[in-house]
$ cat model.tsv   # TSV, C-alpha atoms
chain	number	residue	atom	x	y	z
A	94	MET	CA	0.00	0.00	0.00
A	95	SER	CA	2.68	2.47	1.07
A	96	LYS	CA	4.57	1.93	-2.11
A	97	GLN	CA	1.43	2.62	-4.12
A	98	ALA	CA	0.74	5.83	-2.28
A	99	LYS	CA	4.28	7.06	-2.83
A	100	SER	CA	4.28	6.61	-6.57
A	101	LYS	CA	0.98	8.44	-6.71
A	102	ALA	CA	2.65	11.63	-5.51
A	103	PRO	CA	0.20	14.31	-6.57
A	104	SER	CA	1.56	16.77	-9.05
A	105	GLY	CA	-0.09	19.34	-11.25
A	106	GLY	CA	0.36	17.18	-14.29
A	107	ASP	CA	-1.26	14.19	-12.59
A	108	ASN	CA	-4.47	16.07	-11.91
A	109	PHE	CA	-4.52	17.38	-15.44
A	110	THR	CA	-4.09	13.87	-16.84
A	111	ARG	CA	-7.00	12.65	-14.74
A	112	TRP	CA	-9.37	15.33	-16.01
A	113	LEU	CA	-8.17	14.79	-19.53
A	114	VAL	CA	-8.86	11.07	-19.27
A	115	MET	CA	-12.31	11.58	-17.74
A	116	GLY	CA	-13.13	14.09	-20.45
A	117	MET	CA	-12.08	11.65	-23.12
A	118	VAL	CA	-14.16	8.87	-21.62
A	119	ALA	CA	-17.18	11.21	-21.58
A	120	LEU	CA	-16.47	12.18	-25.17
A	121	VAL	CA	-16.29	8.55	-26.29
A	122	VAL	CA	-19.57	7.75	-24.53
A	123	ILE	CA	-21.44	10.79	-25.89
A	124	THR	CA	-20.20	10.23	-29.45
A	125	GLY	CA	-21.02	6.55	-29.16
A	126	VAL	CA	-24.57	7.23	-27.97
A	127	ALA	CA	-25.17	9.74	-30.77
A	128	PHE	CA	-23.80	7.28	-33.31
A	129	SER	CA	-25.87	4.37	-31.96
A	130	MET	CA	-29.09	6.38	-31.82
A	131	MET	CA	-28.58	7.67	-35.33
A	132	SER	CA	-27.89	4.23	-36.77
A	133	GLN	CA	-30.94	2.81	-34.98
A	134	SER	CA	-33.30	5.48	-36.30
A	135	THR	CA	-31.83	5.30	-39.81
A	136	LYS	CA	-32.36	1.56	-39.78
A	137	ALA	CA	-35.96	1.93	-38.59
A	138	ASN	CA	-36.74	4.52	-41.25
A	139	ALA	CA	-35.04	2.48	-43.94
A	140	SER	CA	-37.50	-0.31	-43.17
A	141	PHE	CA	-40.17	1.68	-45.05
A	142	THR	CA	-38.47	0.63	-48.28
A	143	ALA	CA	-39.87	-2.86	-47.60
A	144	LEU	CA	-43.28	-1.34	-48.37
A	145	LYS	CA	-42.33	0.23	-51.69
A	146	ASN	CA	-44.49	-1.03	-54.54
A	147	TYR	CA	-46.72	-2.82	-52.05
A	148	ILE	CA	-49.94	-3.85	-53.75
A	149	MET	CA	-52.91	-4.03	-51.44
A	150	ALA	CA	-55.29	-6.94	-52.08
A	151	ALA	CA	-59.08	-6.71	-52.19
A	152	PRO	CA	-60.72	-5.67	-48.93
A	153	VAL	CA	-62.05	-8.35	-46.59
A	154	THR	CA	-64.84	-7.58	-44.14
A	155	ALA	CA	-63.74	-7.92	-40.55
A	156	THR	CA	-66.01	-7.69	-37.54
A	157	VAL	CA	-65.23	-7.34	-33.87
A	158	ASP	CA	-66.99	-10.08	-31.93
A	159	PRO	CA	-67.50	-9.31	-28.23
A	160	ALA	CA	-68.47	-12.95	-27.68
A	161	GLN	CA	-64.97	-14.02	-28.74
A	162	GLY	CA	-62.88	-11.72	-26.59
A	163	SER	CA	-63.51	-8.83	-29.01
A	164	GLY	CA	-61.29	-10.60	-31.53
A	165	LEU	CA	-61.41	-9.62	-35.17
A	166	VAL	CA	-63.41	-12.22	-37.14
A	167	LEU	CA	-62.62	-12.71	-40.82
A	168	ASN	CA	-64.67	-14.93	-43.08
A	169	PRO	CA	-67.12	-16.07	-40.38
A	170	GLY	CA	-69.15	-19.28	-40.45
A	171	ASN	CA	-66.60	-21.79	-41.72
A	172	LYS	CA	-66.44	-25.05	-39.78
A	173	LEU	CA	-62.68	-24.70	-39.47
A	174	GLN	CA	-61.67	-21.85	-37.16
A	175	ILE	CA	-58.20	-20.59	-36.42
A	176	ASP	CA	-57.55	-18.14	-33.58
A	177	VAL	CA	-54.34	-16.13	-33.77
A	178	TRP	CA	-53.14	-14.14	-30.76
A	179	GLU	CA	-50.42	-11.62	-31.57
A	180	ASP	CA	-48.79	-8.45	-30.34
A	181	PRO	CA	-47.71	-6.11	-33.15
A	182	GLN	CA	-44.30	-5.53	-31.51
A	183	CYS	CA	-43.56	-9.17	-30.72
A	184	PRO	CA	-40.58	-10.41	-32.75
A	185	VAL	CA	-41.62	-14.08	-32.60
A	186	CYS	CA	-45.03	-13.11	-34.04
A	187	ARG	CA	-43.09	-11.58	-36.90
A	188	SER	CA	-41.38	-14.95	-37.50
A	189	PHE	CA	-44.75	-16.70	-37.33
A	190	GLU	CA	-46.20	-14.26	-39.86
A	191	GLN	CA	-43.26	-14.57	-42.21
A	192	ALA	CA	-43.69	-18.34	-42.31
A	193	ASN	CA	-47.47	-18.69	-42.20
A	194	GLY	CA	-49.01	-15.26	-42.88
A	195	GLY	CA	-49.51	-15.82	-46.59
A	196	TYR	CA	-51.15	-19.19	-45.99
A	197	ILE	CA	-53.52	-17.72	-43.41
A	198	ASP	CA	-54.45	-14.93	-45.85
A	199	ASP	CA	-55.30	-17.61	-48.42
A	200	LEU	CA	-57.46	-19.53	-45.96
A	201	VAL	CA	-59.50	-16.37	-45.43
A	202	ARG	CA	-59.67	-15.23	-49.03
A	203	THR	CA	-60.55	-18.63	-50.48
A	204	ASN	CA	-63.10	-19.40	-47.75
A	205	LYS	CA	-61.23	-22.36	-46.31
A	206	ALA	CA	-61.34	-21.20	-42.72
A	207	THR	CA	-62.66	-18.60	-40.34
A	208	VAL	CA	-59.75	-16.72	-38.84
A	209	VAL	CA	-60.03	-14.69	-35.64
A	210	PHE	CA	-57.22	-12.28	-34.87
A	211	HIS	CA	-56.81	-11.28	-31.24
A	212	VAL	CA	-54.67	-8.16	-31.33
A	213	LEU	CA	-52.79	-7.92	-28.04
A	214	SER	CA	-50.84	-5.02	-26.63
A	215	PHE	CA	-48.88	-6.11	-23.57
A	216	LEU	CA	-45.52	-4.95	-24.90
A	217	GLY	CA	-46.06	-1.29	-24.10
A	218	ASP	CA	-47.59	1.93	-25.37
A	219	GLU	CA	-46.52	1.44	-28.95
A	220	SER	CA	-48.28	-1.91	-29.06
A	221	VAL	CA	-51.47	-0.22	-27.88
A	222	ARG	CA	-51.14	2.46	-30.55
A	223	THR	CA	-50.37	-0.07	-33.28
A	224	ALA	CA	-53.20	-2.38	-32.21
A	225	ASN	CA	-55.53	0.62	-32.41
A	226	ALA	CA	-54.33	1.33	-35.95
A	227	GLU	CA	-54.86	-2.31	-36.91
A	228	PHE	CA	-58.48	-2.12	-35.79
A	229	CYS	CA	-58.81	1.12	-37.75
A	230	ALA	CA	-57.49	-0.66	-40.85
A	231	ALA	CA	-59.91	-3.52	-40.17
A	232	GLU	CA	-62.79	-1.07	-40.36
A	233	GLU	CA	-61.65	-0.23	-43.89
A	234	GLY	CA	-61.49	-3.95	-44.67
A	235	GLN	CA	-57.69	-3.86	-44.88
A	236	TYR	CA	-56.65	-5.64	-41.70
A	237	LEU	CA	-54.75	-8.41	-43.49
A	238	ASP	CA	-52.55	-6.11	-45.52
A	239	PHE	CA	-52.00	-3.52	-42.81
A	240	HIS	CA	-51.02	-6.12	-40.25
A	241	LYS	CA	-48.68	-7.72	-42.75
A	242	ALA	CA	-47.10	-4.32	-43.38
A	243	ILE	CA	-46.62	-3.77	-39.63
A	244	TYR	CA	-44.57	-6.96	-39.40
A	245	LEU	CA	-42.61	-6.00	-42.52
A	246	VAL	CA	-41.38	-2.79	-40.89
A	247	GLN	CA	-41.28	-3.95	-37.25
A	248	PRO	CA	-38.07	-2.61	-35.65
A	249	THR	CA	-35.83	-4.82	-33.50
A	250	LEU	CA	-36.20	-2.40	-30.64
A	251	GLU	CA	-39.58	-2.28	-28.91
A	252	ASN	CA	-41.06	1.07	-27.85
A	253	SER	CA	-38.30	3.04	-29.57
A	254	GLY	CA	-40.70	5.69	-30.80
A	255	PHE	CA	-41.04	4.10	-34.23
A	256	PHE	CA	-44.71	3.14	-33.99
A	257	SER	CA	-45.93	6.71	-33.60
A	258	ASN	CA	-49.31	7.74	-34.99
A	259	ALA	CA	-47.51	9.63	-37.76
A	260	ASN	CA	-45.53	6.55	-38.79
A	261	LEU	CA	-48.61	4.30	-38.55
A	262	ILE	CA	-50.42	6.64	-40.93
A	263	LYS	CA	-47.35	6.64	-43.15
A	264	ILE	CA	-47.38	2.81	-43.22
A	265	GLY	CA	-51.04	2.97	-44.27
A	266	ASP	CA	-50.14	5.52	-46.90
A	267	TYR	CA	-47.39	3.29	-48.33
A	268	ILE	CA	-49.71	0.33	-48.84
A	269	GLY	CA	-52.56	2.44	-50.21
A	270	LEU	CA	-54.67	2.93	-47.12
A	271	LYS	CA	-55.17	6.67	-47.37
A	272	SER	CA	-58.75	7.35	-46.28
A	273	LYS	CA	-59.49	10.19	-43.90
A	274	ALA	CA	-61.53	7.80	-41.77
A	275	PHE	CA	-58.38	5.72	-41.17
A	276	THR	CA	-56.19	8.72	-40.36
A	277	ASP	CA	-58.78	10.14	-37.96
A	278	CYS	CA	-59.27	6.78	-36.30
A	279	VAL	CA	-55.50	6.44	-35.71
A	280	ASN	CA	-55.10	9.98	-34.42
A	281	LYS	CA	-58.14	9.86	-32.16
A	282	ALA	CA	-57.30	6.38	-30.82
A	283	SER	CA	-60.90	5.49	-31.59
A	284	LYS	CA	-60.45	1.77	-30.96
A	285	PHE	CA	-58.80	1.90	-27.55
A	286	ASP	CA	-61.74	0.21	-25.85
A	287	ILE	CA	-61.56	-2.73	-28.29
A	288	VAL	CA	-57.78	-2.93	-27.83
A	289	LYS	CA	-58.32	-3.07	-24.08
A	290	ALA	CA	-61.07	-5.68	-24.41
A	291	ASN	CA	-58.70	-7.93	-26.39
A	292	TYR	CA	-56.01	-7.56	-23.77
A	293	ASP	CA	-58.48	-8.21	-20.94
A	294	SER	CA	-59.72	-11.42	-22.55
A	295	MET	CA	-56.30	-13.13	-22.25
A	296	PRO	CA	-56.91	-14.90	-18.92
A	297	LYS	CA	-60.29	-16.16	-20.07
A	298	TYR	CA	-58.66	-18.00	-22.96
A	299	LYS	CA	-55.56	-18.87	-20.90
A	300	VAL	CA	-53.30	-16.97	-23.26
A	301	SER	CA	-50.16	-15.65	-21.59
A	302	GLY	CA	-47.82	-15.04	-24.51
A	303	THR	CA	-47.67	-14.48	-28.23
A	304	PRO	CA	-47.94	-15.86	-30.79
A	305	THR	CA	-50.59	-18.28	-29.54
A	306	VAL	CA	-52.67	-20.18	-32.07
A	307	PHE	CA	-55.78	-22.29	-31.58
A	308	ILE	CA	-57.05	-24.58	-34.32
A	309	ASN	CA	-60.74	-25.32	-33.73
A	310	GLY	CA	-60.28	-24.28	-30.12
A	311	LYS	CA	-57.31	-26.59	-29.59
A	312	LEU	CA	-53.95	-25.04	-28.68
A	313	TRP	CA	-51.41	-25.53	-31.46
A	314	GLU	CA	-47.94	-26.46	-30.21
A	315	ARG	CA	-45.12	-26.33	-32.68
A	316	LYS	CA	-42.59	-29.11	-32.59
A	317	SER	CA	-39.83	-27.54	-34.67
A	318	SER	CA	-37.60	-24.88	-33.19
A	319	ASP	CA	-38.66	-22.29	-35.75
A	320	PHE	CA	-41.89	-21.81	-37.65
A	321	ASN	CA	-42.33	-23.66	-40.88
A	322	LEU	CA	-45.28	-23.64	-43.19
A	323	ALA	CA	-45.38	-27.40	-43.80
A	324	GLU	CA	-45.83	-28.14	-40.11
A	325	PHE	CA	-48.49	-25.48	-39.64
A	326	ARG	CA	-50.37	-26.51	-42.77
A	327	LEU	CA	-50.49	-30.14	-41.59
A	328	ALA	CA	-51.88	-29.05	-38.23
A	329	VAL	CA	-54.53	-26.89	-39.90
A	330	GLU	CA	-55.54	-29.60	-42.33
A	331	ALA	CA	-55.82	-32.10	-39.50
A	332	GLY	CA	-58.27	-29.64	-37.92
B	1414	MET	CA	0.57	-13.23	2.23
B	1415	LYS	CA	1.71	-9.66	2.71
B	1416	ASN	CA	5.16	-10.50	1.46
B	1417	PHE	CA	3.73	-12.35	-1.46
B	1418	ASN	CA	1.66	-9.35	-2.47
B	1419	GLU	CA	4.60	-6.97	-2.07
B	1420	LYS	CA	6.75	-9.20	-4.21
B	1421	TYR	CA	4.31	-9.82	-7.06
B	1422	GLN	CA	1.97	-6.83	-6.80
B	1423	GLY	CA	3.12	-5.35	-10.10
B	1424	SER	CA	2.33	-8.55	-12.00
B	1425	ILE	CA	-0.96	-9.16	-10.16
B	1426	THR	CA	-2.06	-5.64	-11.06
B	1427	PHE	CA	-1.12	-6.29	-14.66
B	1428	VAL	CA	-3.09	-9.54	-14.81
B	1429	CYS	CA	-6.14	-7.93	-13.17
B	1430	ARG	CA	-5.96	-5.10	-15.68
B	1431	LEU	CA	-5.89	-7.56	-18.55
B	1432	ILE	CA	-8.82	-9.60	-17.18
B	1433	LEU	CA	-11.13	-6.71	-16.29
B	1434	GLY	CA	-10.08	-4.60	-19.28
B	1435	GLY	CA	-10.33	-7.51	-21.67
B	1436	VAL	CA	-13.81	-8.50	-20.55
B	1437	LEU	CA	-15.02	-4.90	-20.76
B	1438	VAL	CA	-13.60	-4.27	-24.23
B	1439	VAL	CA	-14.97	-7.52	-25.65
B	1440	ALA	CA	-18.41	-7.18	-24.01
B	1441	GLY	CA	-18.65	-3.52	-24.97
B	1442	GLY	CA	-17.41	-4.09	-28.49
B	1443	ILE	CA	-19.94	-6.81	-29.28
B	1444	LYS	CA	-22.79	-4.68	-27.95
B	1445	ALA	CA	-21.63	-1.49	-29.67
B	1446	LEU	CA	-21.94	-3.28	-33.00
B	1447	SER	CA	-25.67	-3.94	-32.50
B	1448	PRO	CA	-27.05	-0.95	-30.59
B	1449	SER	CA	-30.75	-1.80	-30.94
B	1450	GLU	CA	-30.22	-5.18	-29.34
B	1451	SER	CA	-28.23	-3.62	-26.53
B	1452	ALA	CA	-31.02	-1.10	-25.91
B	1453	SER	CA	-33.72	-3.76	-25.88
B	1454	ALA	CA	-31.61	-5.96	-23.60
B	1455	VAL	CA	-31.50	-3.20	-20.98
B	1456	ALA	CA	-35.24	-2.62	-21.39
B	1457	ALA	CA	-35.87	-6.35	-20.80
B	1458	TYR	CA	-34.72	-5.97	-17.18
B	1459	LYS	CA	-37.81	-3.80	-16.60
B	1460	ILE	CA	-36.05	-1.66	-14.03
B	1461	LEU	CA	-35.84	1.70	-15.78
B	1462	PRO	CA	-38.51	3.51	-17.82
B	1463	THR	CA	-38.26	2.42	-21.47
B	1464	GLN	CA	-36.66	5.56	-22.92
B	1465	LEU	CA	-34.06	5.77	-20.15
B	1466	ALA	CA	-33.31	2.05	-20.52
B	1467	HIS	CA	-32.72	2.53	-24.26
B	1468	LEU	CA	-30.37	5.45	-23.59
B	1469	LEU	CA	-28.41	3.37	-21.11
B	1470	GLY	CA	-28.33	0.53	-23.63
B	1471	TYR	CA	-26.72	2.86	-26.15
B	1472	ALA	CA	-24.26	4.37	-23.66
B	1473	LEU	CA	-23.10	1.30	-21.74
B	1474	PRO	CA	-21.13	-0.43	-24.52
B	1475	TRP	CA	-19.09	2.72	-25.20
B	1476	LEU	CA	-18.40	3.28	-21.52
B	1477	GLU	CA	-17.23	-0.33	-21.25
B	1478	ILE	CA	-14.92	0.09	-24.24
B	1479	ALA	CA	-13.43	3.33	-22.91
B	1480	ILE	CA	-12.86	1.96	-19.41
B	1481	GLY	CA	-11.56	-1.32	-20.77
B	1482	LEU	CA	-8.99	0.42	-22.98
B	1483	LEU	CA	-7.77	2.54	-20.06
B	1484	LEU	CA	-7.23	-0.60	-17.99
B	1485	PHE	CA	-5.57	-2.33	-20.89
B	1486	VAL	CA	-2.94	0.33	-21.45
B	1487	GLY	CA	-2.75	1.21	-17.77
B	1488	LEU	CA	-3.82	4.83	-17.76
B	1489	SER	CA	-5.84	6.29	-14.87
B	1490	VAL	CA	-6.22	2.76	-13.59
B	1491	ARG	CA	-7.71	3.76	-10.25
B	1492	PHE	CA	-10.47	5.81	-11.87
B	1493	ALA	CA	-11.10	3.12	-14.49
B	1494	ALA	CA	-11.20	0.35	-11.89
B	1495	LEU	CA	-13.61	2.32	-9.74
B	1496	THR	CA	-15.96	2.94	-12.66
B	1497	GLY	CA	-15.64	-0.63	-13.93
B	1498	GLY	CA	-16.28	-2.00	-10.44
B	1499	ILE	CA	-19.39	0.14	-10.03
B	1500	VAL	CA	-20.67	-0.97	-13.44
B	1501	MET	CA	-20.12	-4.63	-12.51
B	1502	ALA	CA	-21.82	-4.14	-9.14
B	1503	ILE	CA	-24.82	-2.64	-10.95
B	1504	PHE	CA	-24.90	-5.67	-13.27
B	1505	ILE	CA	-24.96	-7.98	-10.24
B	1506	CYS	CA	-27.84	-6.04	-8.69
B	1507	ALA	CA	-29.74	-6.08	-11.99
B	1508	ILE	CA	-29.35	-9.83	-12.43
B	1509	ILE	CA	-30.36	-10.54	-8.83
B	1510	SER	CA	-33.34	-8.24	-9.34
B	1511	VAL	CA	-34.68	-10.10	-12.40
B	1512	TRP	CA	-33.93	-13.38	-10.67
B	1513	ALA	CA	-35.93	-12.35	-7.60
B	1514	ARG	CA	-38.82	-11.06	-9.69
B	1515	GLY	CA	-38.95	-14.31	-11.64
B	1516	ILE	CA	-38.30	-12.65	-14.99
B	1517	LEU	CA	-36.57	-14.92	-17.50
B	1518	ILE	CA	-34.11	-13.07	-19.70
B	1519	ASP	CA	-30.78	-13.43	-21.39
B	1520	CYS	CA	-28.59	-10.90	-19.56
B	1521	GLY	CA	-27.34	-9.45	-22.84
B	1522	CYS	CA	-23.93	-9.17	-21.19
B	1523	PHE	CA	-22.17	-10.10	-24.41
B	1524	GLY	CA	-24.73	-8.87	-26.93
B	1525	GLY	CA	-28.14	-10.31	-27.68
B	1526	GLY	CA	-30.44	-10.34	-24.69
B	1527	GLY	CA	-34.16	-10.22	-24.11
B	1528	PRO	CA	-36.91	-12.50	-22.83
B	1529	ILE	CA	-36.50	-16.28	-22.84
B	1530	ASP	CA	-38.99	-19.10	-23.27
B	1531	PRO	CA	-40.52	-20.19	-19.91
B	1532	SER	CA	-39.64	-23.82	-20.69
B	1533	LYS	CA	-35.97	-22.98	-20.17
B	1534	ALA	CA	-36.45	-21.63	-16.63
B	1535	ALA	CA	-34.04	-24.04	-14.92
B	1536	ALA	CA	-31.23	-23.30	-17.36
B	1537	VAL	CA	-31.80	-19.55	-17.04
B	1538	HIS	CA	-31.61	-19.69	-13.25
B	1539	ARG	CA	-28.33	-21.58	-13.47
B	1540	THR	CA	-27.05	-18.92	-15.87
B	1541	TYR	CA	-28.05	-16.18	-13.41
B	1542	LEU	CA	-25.92	-17.82	-10.74
B	1543	ILE	CA	-22.91	-18.16	-13.03
B	1544	GLU	CA	-23.26	-14.56	-14.21
B	1545	THR	CA	-23.50	-13.28	-10.66
B	1546	LEU	CA	-20.37	-15.18	-9.62
B	1547	ARG	CA	-18.48	-14.06	-12.72
B	1548	ASP	CA	-19.34	-10.42	-12.12
B	1549	ALA	CA	-18.44	-10.77	-8.45
B	1550	GLY	CA	-15.02	-12.05	-9.51
B	1551	LEU	CA	-14.60	-9.04	-11.77
B	1552	VAL	CA	-15.56	-6.72	-8.91
B	1553	LEU	CA	-12.73	-8.31	-6.89
B	1554	THR	CA	-10.22	-7.49	-9.63
B	1555	ALA	CA	-11.58	-3.95	-9.69
B	1556	ILE	CA	-11.16	-3.61	-5.92
B	1557	TYR	CA	-7.60	-4.88	-6.14
B	1558	LEU	CA	-6.82	-2.42	-8.90
B	1559	TYR	CA	-8.31	0.41	-6.89
B	1560	PHE	CA	-5.83	-0.21	-4.08
B	1561	PHE	CA	-2.88	-1.22	-6.27
B	1562	PRO	CA	-3.26	0.63	-9.55
B	1563	TYR	CA	0.42	0.71	-10.51
B	1564	GLY	CA	1.94	-2.40	-12.02
B	1565	VAL	CA	4.13	-3.52	-14.86
B	1566	PHE	CA	3.53	-2.39	-18.44
B	1567	GLY	CA	1.52	0.66	-17.43
B	1568	VAL	CA	1.50	3.75	-19.62
B	1569	GLU	CA	0.90	5.95	-16.59
B	1570	LYS	CA	4.32	5.29	-15.12
B	1571	LEU	CA	5.85	6.10	-18.45
B	1572	VAL	CA	3.97	9.38	-18.66
B	1573	THR	CA	5.05	10.39	-15.16
B	1574	GLU	CA	8.65	9.46	-15.83
B	1575	ILE	CA	8.77	11.50	-19.00
B	1576	LYS	CA	7.36	14.47	-17.17
B	1577	GLU	CA	9.88	14.16	-14.38
$ encode --input "model.tsv" --output "structure tokens"
Amino acid sequence: MSKQAKSKAPSGGDNFTRWLVMGMVALVVITGVAFSMMSQSTKANASFTALKNYIMAAPVTATVDPAQGSGLVLNPGNKLQIDVWEDPQCPVCRSFEQANGGYIDDLVRTNKATVVFHVLSFLGDESVRTANAEFCAAEEGQYLDFHKAIYLVQPTLENSGFFSNANLIKIGDYIGLKSKAFTDCVNKASKFDIVKANYDSMPKYKVSGTPTVFINGKLWERKSSDFNLAEFRLAVEAG
Amino acid sequence: MKNFNEKYQGSITFVCRLILGGVLVVAGGIKALSPSESASAVAAYKILPTQLAHLLGYALPWLEIAIGLLLFVGLSVRFAALTGGIVMAIFICAIISVWARGILIDCGCFGGGGPIDPSKAAAVHRTYLIETLRDAGLVLTAIYLYFFPYGVFGVEKLVTEIKE
């Protein structure tokens, strides 16, 4: 100890070096933060390019059914029913959609199944806002495309400010959802009560995470480590 | 024991600097390369408000790199060890906190991070223990460096000698 104290004899230069070093550390951290934040926001904004030349398909009527946890019912009345529980910000839901989203769209559009989407929002404020926008899109008959677009642009970072009302409207604009009714609905958060009703119905259906899928009321459990269409299709066809 | 320390203190300091500095530079470097993941890893601890957690997630990797480099070259070792030790102590508290609250996450210590499947609970709890012990070991090196900052191959000594 004594030896250490001796060699640390305070001199003017020593103090100066210390402040210089601390200043440099601060400089590195501040520059690093600025750089990281910039690269994150650039990346998020660049994701809009995924929506360039997006062609929106024909509208599909979607109705909110209070008897089914206020889920969004598409193509009602088929004897095969699939229930999909998702949060717009959930990255695993994105993987599920990338593998099976197109197939589910087909089931709806070709009248092969009734699909009920339960739009959850437990991942924070931006999930609530995005879920609201998805219900707004549903009112215009464009739930399928809008919700696909949301997963196309979904940033890695949750609640980073990306899913703002302005950006949600911009996403709609990119895919061709430009009506004033949609914009107003997003800005006024018109569907908050439905968003809340979906969230509140989770315990009733014993859903605690996303994505959760029921095929004819039976919980679907994937066997493979990632999602693959063949496996999901087999499960659906088995009923 | 005292004699042993007096005899080898310079080398022990050097080794501690390499261990603590090396871990910090590597951990910080990996995280600095993927800032969004680092930010969401901090948010996954659910301790700080989201925006603050993101900011910390952006800042932490760069702080680790800066401190790690100082330790590596041996400049302002006492200050660097103090900061590094505090950072490690905070990591320990954060891991114990998620552990106690029953949250299952990947610590994101070396990049990645975020929630983990409930089916892997046992493995995650084992990881928490290992991480806590590892960080505790690093705190020990930091404490040693705080009391014995001057060792072999340190730039600081060089700087002082030149000045004198």
$ interface_residues --input "model.tsv" --of "chain A" --to "chain B" --cutoff "6 Å" --atoms "only C-alpha atoms" --output "list in words"
Val118, Val122, Gly125, Val126, Ser129 and Leu250 of chain A
$ atom_distance --input "model.tsv" --atom1 "atom CA of B:Val1500" --atom2 "atom CA of B:Gly1481"
11.7 Å
$ residues_near_point --input "model.tsv" --point "(-43.7, -18.3, -35.8)" --cutoff "10 Å" --atoms "all atoms listed in the file" --output "VMD selection string"
chain A and resid 184 to 194 303 to 306 315 318 to 322 325
$ atom_distance --input "model.tsv" --atom1 "atom CA of A:Phe256" --atom2 "atom CA of A:Ala282"
13.4 Å
$ atom_distance --input "model.tsv" --atom1 "atom CA of B:Gly1567" --atom2 "atom CA of B:Leu1551"
19.6 Å
$ closest_residue --input "model.tsv" --among "A:Leu327, A:Ala155, A:Val246, A:Ile197" --to "A:Lys263" --atoms "all atoms listed in the file"
A:Val246
$ residues_around --input "model.tsv" --residues "B:Leu1553" --least-positions-apart "3" --cutoff "12 Å" --atoms "all atoms listed in the file" --output "PyMOL selection string"
chain B and resi 1426+1429-1430+1432-1433+1494-1495+1497-1499+1501-1502+1546-1550+1556-1560
$ residues_around --input "model.tsv" --residues "stretch 201-208 of chain A" --least-positions-apart "6" --cutoff "7 Å" --atoms "all atoms listed in the file" --output "mmCIF file with C-alpha atoms, in the coordinates of the input"
data_model
loop_
_atom_site.group_PDB
_atom_site.id
_atom_site.type_symbol
_atom_site.label_atom_id
_atom_site.label_comp_id
_atom_site.auth_asym_id
_atom_site.auth_seq_id
_atom_site.Cartn_x
_atom_site.Cartn_y
_atom_site.Cartn_z
ATOM 1 C CA VAL A 166 -63.410 -12.220 -37.140
ATOM 2 C CA LEU A 167 -62.620 -12.710 -40.820
ATOM 3 C CA ASN A 168 -64.670 -14.930 -43.080
ATOM 4 C CA PRO A 169 -67.120 -16.070 -40.380
ATOM 5 C CA GLY A 170 -69.150 -19.280 -40.450
ATOM 6 C CA ASN A 171 -66.600 -21.790 -41.720
ATOM 7 C CA LEU A 173 -62.680 -24.700 -39.470
ATOM 8 C CA GLN A 174 -61.670 -21.850 -37.160
ATOM 9 C CA ILE A 175 -58.200 -20.590 -36.420
ATOM 10 C CA ASP A 176 -57.550 -18.140 -33.580
#
$ decode --input "model.tsv" --residues "stretch 1487-1498 of chain B" --atoms "N, CA and C atoms" --output "compact mmCIF listing (two decimals), in the first residue's frame"
# COMPACT_ATOMS: atom_id res chain seq x y z
N GLY B 1487 -3.23 0.84 -19.08
CA GLY B 1487 -2.75 1.21 -17.77
C GLY B 1487 -2.69 2.70 -17.54
N LEU B 1488 -3.74 3.37 -17.94
CA LEU B 1488 -3.82 4.83 -17.76
C LEU B 1488 -5.01 5.13 -16.84
N SER B 1489 -4.80 5.97 -15.85
CA SER B 1489 -5.84 6.29 -14.87
C SER B 1489 -6.52 5.02 -14.37
N VAL B 1490 -5.70 4.08 -13.96
CA VAL B 1490 -6.22 2.76 -13.59
C VAL B 1490 -7.18 2.84 -12.41
N ARG B 1491 -6.86 3.69 -11.42
CA ARG B 1491 -7.71 3.76 -10.25
C ARG B 1491 -9.12 4.24 -10.63
N PHE B 1492 -9.18 5.29 -11.41
CA PHE B 1492 -10.47 5.81 -11.87
C PHE B 1492 -11.21 4.76 -12.71
N ALA B 1493 -10.48 4.12 -13.62
CA ALA B 1493 -11.10 3.12 -14.49
C ALA B 1493 -11.61 1.93 -13.69
N ALA B 1494 -10.80 1.50 -12.70
CA ALA B 1494 -11.20 0.35 -11.89
C ALA B 1494 -12.43 0.69 -11.06
N LEU B 1495 -12.46 1.91 -10.54
CA LEU B 1495 -13.61 2.32 -9.74
C LEU B 1495 -14.88 2.30 -10.60
N THR B 1496 -14.80 2.92 -11.78
CA THR B 1496 -15.96 2.94 -12.66
C THR B 1496 -16.36 1.53 -13.08
N GLY B 1497 -15.35 0.74 -13.50
CA GLY B 1497 -15.64 -0.63 -13.93
C GLY B 1497 -16.26 -1.45 -12.81
N GLY B 1498 -15.75 -1.27 -11.59
CA GLY B 1498 -16.28 -2.00 -10.44
C GLY B 1498 -17.72 -1.62 -10.16
